[in-house]
Amino acid sequence: RNLLQVQSLKRGNWNVMRVNSVNYYSNPKREVKRIKQYLDRLTGAEEQSGAWLQKYSRPYRFVQEQGAEVAAYITGGVNDAEIKARLALIVATEEPISRNFLKVRLLETYGIRKSGARVEARLNVLIDECKFRRERVMGADYYYKTDRALQIGKFRVESEPVLRGETDTTPFEMVSLIKAALSERVSLYFDELTALTAEVLHLSRYSEAFVSYLSDCVAFGEQKGILVRSVSDRIS
């Protein structure tokens, strides 16, 4: 009877794939992966694998290092106007950018390798005085100049060595990256998504902080109505 059902479906131009219930209950992840691979072959996704990265990514533009200063340059108060101008340049060039990463990038552009609590406090004051446009997401402030910086669509990639750490890629771009990766897949298990995202961002090693951040970004994507996370931890 089963054979006749399959033959009848095939005569109606259906593609048929058999899934053994015992195999599914013993190892559901393996069976779902097998189904996904079969669907990818049917849709031609295998042949186009990786095309999404070129289509949805763009180079990360950044401000070059311009000096070799020391921490006193920031805390002295004499250079406030120049520092604010540099902050504005970084925001305009590297938008959107988190408050923490903005401080890191400012110090890097000045060639300042050592800082402390006084530098941190002074930079917080100067950033507040700049009154940049900002969006608060996942407990952090992200500064930007243009509205398109917050749109879900394209994400930025870097050539090695990379400037951004594990949690410096913005939630907007993480959701864009995930959405783009899923454009040629049915779904991804979270552990598969973690490995793929780390590879795209050139993270040869990643910590629990990155895994937690990625999970929060998936939740952000769910809030936006873009992503869905199933009870079996599949992202679609």
# chains A, B, ... in the order shown; residues from 1 in each chain; ligands from 1
>>> residues_around(residues="A:Leu201", least_positions_apart="3", cutoff="8 Å", atoms="only C-alpha atoms", output="MDAnalysis selection string")
chainID A and resid 157:158 197:198
>>> select_by_dssp(residues="stretch 15-88 of chain A", states="helix (DSSP H, G or I)", output="PyMOL selection string")
chain A and resi 21-26+28-43+51-56+72-75+80-88
>>> residues_around(residues="A:Ala71", least_positions_apart="6", cutoff="7 Å", atoms="only C-alpha atoms", output="list in words")
Ile112, Lys114, Ser115 and Val119 of chain A
>>> write_last_selection(atoms="N, CA, C and O atoms", output="CSV table (one decimal), in the first residue's frame")
chain,number,residue,atom,x,y,z
A,112,ILE,N,46.0,55.1,21.6
A,112,ILE,CA,46.1,55.0,23.1
A,112,ILE,C,45.8,53.6,23.5
A,112,ILE,O,44.7,53.0,23.3
A,114,LYS,N,46.6,52.2,26.6
A,114,LYS,CA,46.3,52.0,28.0
A,114,LYS,C,45.4,53.1,28.5
A,114,LYS,O,45.6,54.3,28.2
A,115,SER,N,44.4,52.7,29.2
A,115,SER,CA,43.4,53.7,29.7
A,115,SER,C,43.0,53.2,31.1
A,115,SER,O,43.4,52.2,31.6
A,119,VAL,N,39.7,57.9,32.2
A,119,VAL,CA,39.5,58.0,30.7
A,119,VAL,C,38.1,57.6,30.4
A,119,VAL,O,37.4,58.3,29.6
>>> closest_residue(among="A:Asn20, A:Thr194, A:Gln151, A:Gln66", to="A:Ser176", atoms="only C-alpha atoms")
A:Gln151
>>> atom_distance(atom1="atom CA of A:Lys36", atom2="atom CA of A:Val186")
6.3 Å
>>> residues_around(residues="A:Phe220", least_positions_apart="2", cutoff="10 Å", atoms="only C-alpha atoms", output="ChimeraX atom specification")
/A:137-138,171-172,174-175,214-218,222-227
>>> residues_around(residues="stretch 89-104 of chain A", least_positions_apart="5", cutoff="9 Å", atoms="only C-alpha atoms", output="compact mmCIF listing (two decimals) with all heavy atoms, in the first residue's frame")
# COMPACT_ATOMS: atom_id res chain seq x y z
N TYR A 60 33.16 46.68 6.02
CA TYR A 60 33.11 47.53 7.22
C TYR A 60 34.02 48.73 7.00
O TYR A 60 35.24 48.59 6.89
CB TYR A 60 33.56 46.73 8.44
CG TYR A 60 33.39 47.48 9.75
CD1 TYR A 60 32.21 47.36 10.48
CD2 TYR A 60 34.40 48.29 10.25
CE1 TYR A 60 32.04 48.04 11.67
CE2 TYR A 60 34.23 48.98 11.45
CZ TYR A 60 33.05 48.84 12.14
OH TYR A 60 32.88 49.53 13.32
N ARG A 61 33.44 49.92 6.94
CA ARG A 61 34.22 51.15 6.80
C ARG A 61 34.60 51.64 8.19
O ARG A 61 33.77 51.64 9.10
CB ARG A 61 33.41 52.23 6.07
CG ARG A 61 33.11 51.91 4.62
CD ARG A 61 32.18 52.93 3.98
NE ARG A 61 32.73 54.29 4.05
CZ ARG A 61 32.16 55.29 4.69
NH1 ARG A 61 31.02 55.11 5.36
NH2 ARG A 61 32.71 56.48 4.71
N PHE A 62 35.85 52.07 8.34
CA PHE A 62 36.28 52.50 9.66
C PHE A 62 37.27 53.66 9.57
O PHE A 62 37.90 53.88 8.54
CB PHE A 62 36.90 51.33 10.43
CG PHE A 62 38.12 50.73 9.77
CD1 PHE A 62 39.40 51.17 10.10
CD2 PHE A 62 37.98 49.73 8.82
CE1 PHE A 62 40.52 50.62 9.49
CE2 PHE A 62 39.09 49.17 8.20
CZ PHE A 62 40.36 49.62 8.54
N VAL A 63 37.38 54.39 10.67
CA VAL A 63 38.31 55.51 10.76
C VAL A 63 39.71 54.98 11.05
O VAL A 63 39.90 54.17 11.98
CB VAL A 63 37.87 56.50 11.87
CG1 VAL A 63 38.88 57.64 12.01
CG2 VAL A 63 36.47 57.04 11.57
N LYS A 84 35.60 65.45 20.43
CA LYS A 84 34.19 65.38 20.02
C LYS A 84 34.08 65.26 18.50
O LYS A 84 33.23 64.53 17.98
CB LYS A 84 33.43 66.61 20.50
CG LYS A 84 33.18 66.64 22.00
CD LYS A 84 32.38 67.90 22.35
CE LYS A 84 32.20 68.06 23.84
NZ LYS A 84 31.46 69.29 24.18
N THR A 109 41.91 55.00 17.48
CA THR A 109 42.28 55.97 16.45
C THR A 109 43.34 56.94 16.93
O THR A 109 44.08 57.50 16.12
CB THR A 109 41.06 56.76 15.95
OG1 THR A 109 40.52 57.54 17.02
CG2 THR A 109 40.01 55.84 15.37
N GLU A 120 37.65 56.48 30.97
CA GLU A 120 36.30 55.97 30.74
C GLU A 120 35.25 57.01 31.13
O GLU A 120 34.31 57.28 30.37
CB GLU A 120 36.11 54.69 31.55
CG GLU A 120 34.78 54.01 31.36
CD GLU A 120 34.79 52.99 30.24
OE1 GLU A 120 35.84 52.78 29.63
OE2 GLU A 120 33.71 52.43 29.98
N LEU A 123 35.28 60.07 28.73
CA LEU A 123 34.68 59.75 27.43
C LEU A 123 33.16 59.68 27.52
O LEU A 123 32.45 60.11 26.61
CB LEU A 123 35.24 58.43 26.89
CG LEU A 123 36.66 58.48 26.32
CD1 LEU A 123 37.10 57.11 25.84
CD2 LEU A 123 36.76 59.49 25.19
N ASN A 124 32.66 59.15 28.63
CA ASN A 124 31.20 59.11 28.82
C ASN A 124 30.61 60.51 28.82
O ASN A 124 29.55 60.76 28.24
CB ASN A 124 30.86 58.38 30.12
CG ASN A 124 30.96 56.88 29.99
OD1 ASN A 124 30.72 56.32 28.93
ND2 ASN A 124 31.31 56.21 31.08
N ILE A 127 30.78 61.93 25.19
CA ILE A 127 29.79 61.30 24.32
C ILE A 127 28.41 61.89 24.60
O ILE A 127 27.64 62.20 23.68
CB ILE A 127 29.79 59.77 24.50
CG1 ILE A 127 31.07 59.17 23.92
CG2 ILE A 127 28.57 59.14 23.83
CD1 ILE A 127 31.27 57.70 24.23
N PHE A 132 24.45 62.57 20.23
CA PHE A 132 24.22 61.78 19.03
C PHE A 132 22.82 61.16 19.06
O PHE A 132 22.26 60.91 20.13
CB PHE A 132 25.24 60.64 18.93
CG PHE A 132 26.67 61.08 18.77
CD1 PHE A 132 27.65 60.66 19.67
CD2 PHE A 132 27.04 61.91 17.72
CE1 PHE A 132 28.96 61.05 19.52
CE2 PHE A 132 28.36 62.32 17.58
CZ PHE A 132 29.32 61.89 18.48
N ARG A 134 20.41 58.11 19.01
CA ARG A 134 20.70 56.79 19.57
C ARG A 134 19.45 55.93 19.64
O ARG A 134 18.33 56.44 19.69
CB ARG A 134 21.33 56.90 20.95
CG ARG A 134 20.42 57.47 22.02
CD ARG A 134 21.10 57.50 23.36
NE ARG A 134 20.22 58.06 24.39
CZ ARG A 134 20.53 58.13 25.67
NH1 ARG A 134 21.70 57.71 26.09
NH2 ARG A 134 19.68 58.66 26.53
N ALA A 140 21.65 48.28 25.63
CA ALA A 140 22.81 49.08 25.21
C ALA A 140 22.37 50.18 24.27
O ALA A 140 21.38 50.06 23.56
CB ALA A 140 23.85 48.19 24.52
N ASP A 141 23.14 51.29 24.29
CA ASP A 141 22.87 52.41 23.39
C ASP A 141 23.67 52.24 22.11
O ASP A 141 24.89 51.98 22.16
CB ASP A 141 23.26 53.74 24.06
CG ASP A 141 22.28 54.14 25.16
OD1 ASP A 141 21.09 53.83 25.03
OD2 ASP A 141 22.74 54.74 26.16
N TYR A 142 23.01 52.43 20.96
CA TYR A 142 23.67 52.38 19.66
C TYR A 142 23.50 53.75 18.99
O TYR A 142 22.39 54.23 18.83
CB TYR A 142 23.08 51.27 18.79
CG TYR A 142 23.44 49.90 19.32
CD1 TYR A 142 22.65 49.29 20.28
CD2 TYR A 142 24.60 49.26 18.90
CE1 TYR A 142 23.00 48.05 20.80
CE2 TYR A 142 24.95 48.02 19.42
CZ TYR A 142 24.15 47.42 20.36
OH TYR A 142 24.50 46.20 20.89
N TYR A 143 24.64 54.33 18.62
CA TYR A 143 24.64 55.67 18.05
C TYR A 143 24.68 55.60 16.53
O TYR A 143 25.33 54.72 15.95
CB TYR A 143 25.83 56.46 18.58
CG TYR A 143 25.78 56.65 20.08
CD1 TYR A 143 26.54 55.85 20.93
CD2 TYR A 143 24.95 57.61 20.64
CE1 TYR A 143 26.47 56.00 22.31
CE2 TYR A 143 24.88 57.79 22.01
CZ TYR A 143 25.64 56.97 22.85
OH TYR A 143 25.55 57.12 24.20
N TYR A 144 23.99 56.54 15.89
CA TYR A 144 23.92 56.54 14.44
C TYR A 144 23.67 57.94 13.93
O TYR A 144 23.24 58.83 14.68
CB TYR A 144 22.81 55.59 13.96
CG TYR A 144 21.41 56.00 14.35
CD1 TYR A 144 20.57 56.66 13.45
CD2 TYR A 144 20.91 55.76 15.64
CE1 TYR A 144 19.29 57.06 13.81
CE2 TYR A 144 19.63 56.16 16.01
CZ TYR A 144 18.84 56.81 15.09
OH TYR A 144 17.57 57.20 15.46
N LYS A 145 23.91 58.13 12.63
CA LYS A 145 23.67 59.43 12.00
C LYS A 145 22.47 59.38 11.07
O LYS A 145 21.69 60.31 11.00
CB LYS A 145 24.92 59.85 11.23
CG LYS A 145 24.81 61.26 10.63
CD LYS A 145 26.10 61.67 9.93
CE LYS A 145 25.96 63.08 9.34
NZ LYS A 145 27.21 63.49 8.63
N THR A 146 22.33 58.28 10.32
CA THR A 146 21.24 58.16 9.35
C THR A 146 20.30 57.02 9.75
O THR A 146 20.73 56.01 10.30
CB THR A 146 21.80 57.89 7.94
OG1 THR A 146 22.56 56.67 7.96
CG2 THR A 146 22.70 59.02 7.49
N ALA A 149 20.88 53.21 8.91
CA ALA A 149 21.84 52.42 9.67
C ALA A 149 21.15 51.38 10.55
O ALA A 149 21.75 50.37 10.92
CB ALA A 149 22.72 53.33 10.53
N LEU A 150 19.89 51.63 10.90
CA LEU A 150 19.16 50.73 11.79
C LEU A 150 18.26 49.75 11.04
O LEU A 150 17.58 48.95 11.66
CB LEU A 150 18.30 51.55 12.77
CG LEU A 150 19.02 52.61 13.60
CD1 LEU A 150 18.04 53.25 14.57
CD2 LEU A 150 20.21 52.02 14.35
N ARG A 164 36.24 44.37 15.34
CA ARG A 164 35.14 44.10 16.25
C ARG A 164 35.34 42.81 17.03
O ARG A 164 35.77 41.80 16.48
CB ARG A 164 33.82 44.05 15.49
CG ARG A 164 33.41 45.38 14.90
CD ARG A 164 32.13 45.29 14.10
NE ARG A 164 32.28 44.47 12.90
CZ ARG A 164 31.32 44.25 12.03
NH1 ARG A 164 30.12 44.78 12.23
NH2 ARG A 164 31.53 43.50 10.96
N GLY A 165 35.00 42.87 18.31
CA GLY A 165 35.06 41.69 19.16
C GLY A 165 33.78 40.87 19.06
O GLY A 165 32.92 41.12 18.22
N ASP A 168 30.52 43.08 19.39
CA ASP A 168 30.54 44.42 18.83
C ASP A 168 29.73 44.56 17.54
O ASP A 168 29.45 45.68 17.12
CB ASP A 168 31.98 44.87 18.58
CG ASP A 168 32.76 45.07 19.87
OD1 ASP A 168 32.14 45.49 20.86
OD2 ASP A 168 33.98 44.79 19.90
N THR A 169 29.38 43.45 16.91
CA THR A 169 28.49 43.51 15.75
C THR A 169 27.09 43.83 16.29
O THR A 169 26.59 43.15 17.17
CB THR A 169 28.47 42.18 14.99
OG1 THR A 169 29.80 41.89 14.54
CG2 THR A 169 27.54 42.25 13.78
N THR A 170 26.46 44.85 15.75
CA THR A 170 25.20 45.33 16.32
C THR A 170 24.07 44.31 16.15
O THR A 170 24.11 43.49 15.23
CB THR A 170 24.78 46.65 15.65
OG1 THR A 170 24.42 46.39 14.29
CG2 THR A 170 25.91 47.67 15.69
N PHE A 172 21.20 44.82 14.96
CA PHE A 172 20.58 45.05 13.65
C PHE A 172 21.28 44.22 12.58
O PHE A 172 20.64 43.61 11.72
CB PHE A 172 20.63 46.53 13.29
CG PHE A 172 20.24 47.45 14.41
CD1 PHE A 172 21.20 48.10 15.16
CD2 PHE A 172 18.90 47.62 14.74
CE1 PHE A 172 20.85 48.93 16.22
CE2 PHE A 172 18.53 48.45 15.79
CZ PHE A 172 19.50 49.11 16.54
>>> closest_residue(among="A:Arg118, A:Arg148, A:Arg113, A:Arg185", to="A:Val70", atoms="only C-alpha atoms")
A:Arg113
>>> select_by_dssp(residues="stretch 2-203 of chain A", states="strand (DSSP E or B)", output="JSON, numbers by chain")
{"A": [57, 58, 59, 97, 98, 133, 134, 135, 136, 137, 140, 141, 142, 143, 144, 155, 156, 157, 188, 189]}
>>> closest_residue(among="A:Ile235, A:Ala121, A:Val211, A:Leu107", to="A:Tyr189", atoms="only C-alpha atoms")
A:Ile235
>>> atom_distance(atom1="atom CA of A:Arg133", atom2="atom CA of A:Thr167")
20.9 Å
>>> atom_distance(atom1="atom CA of A:Ser187", atom2="atom CA of A:Ser230")
10.1 Å
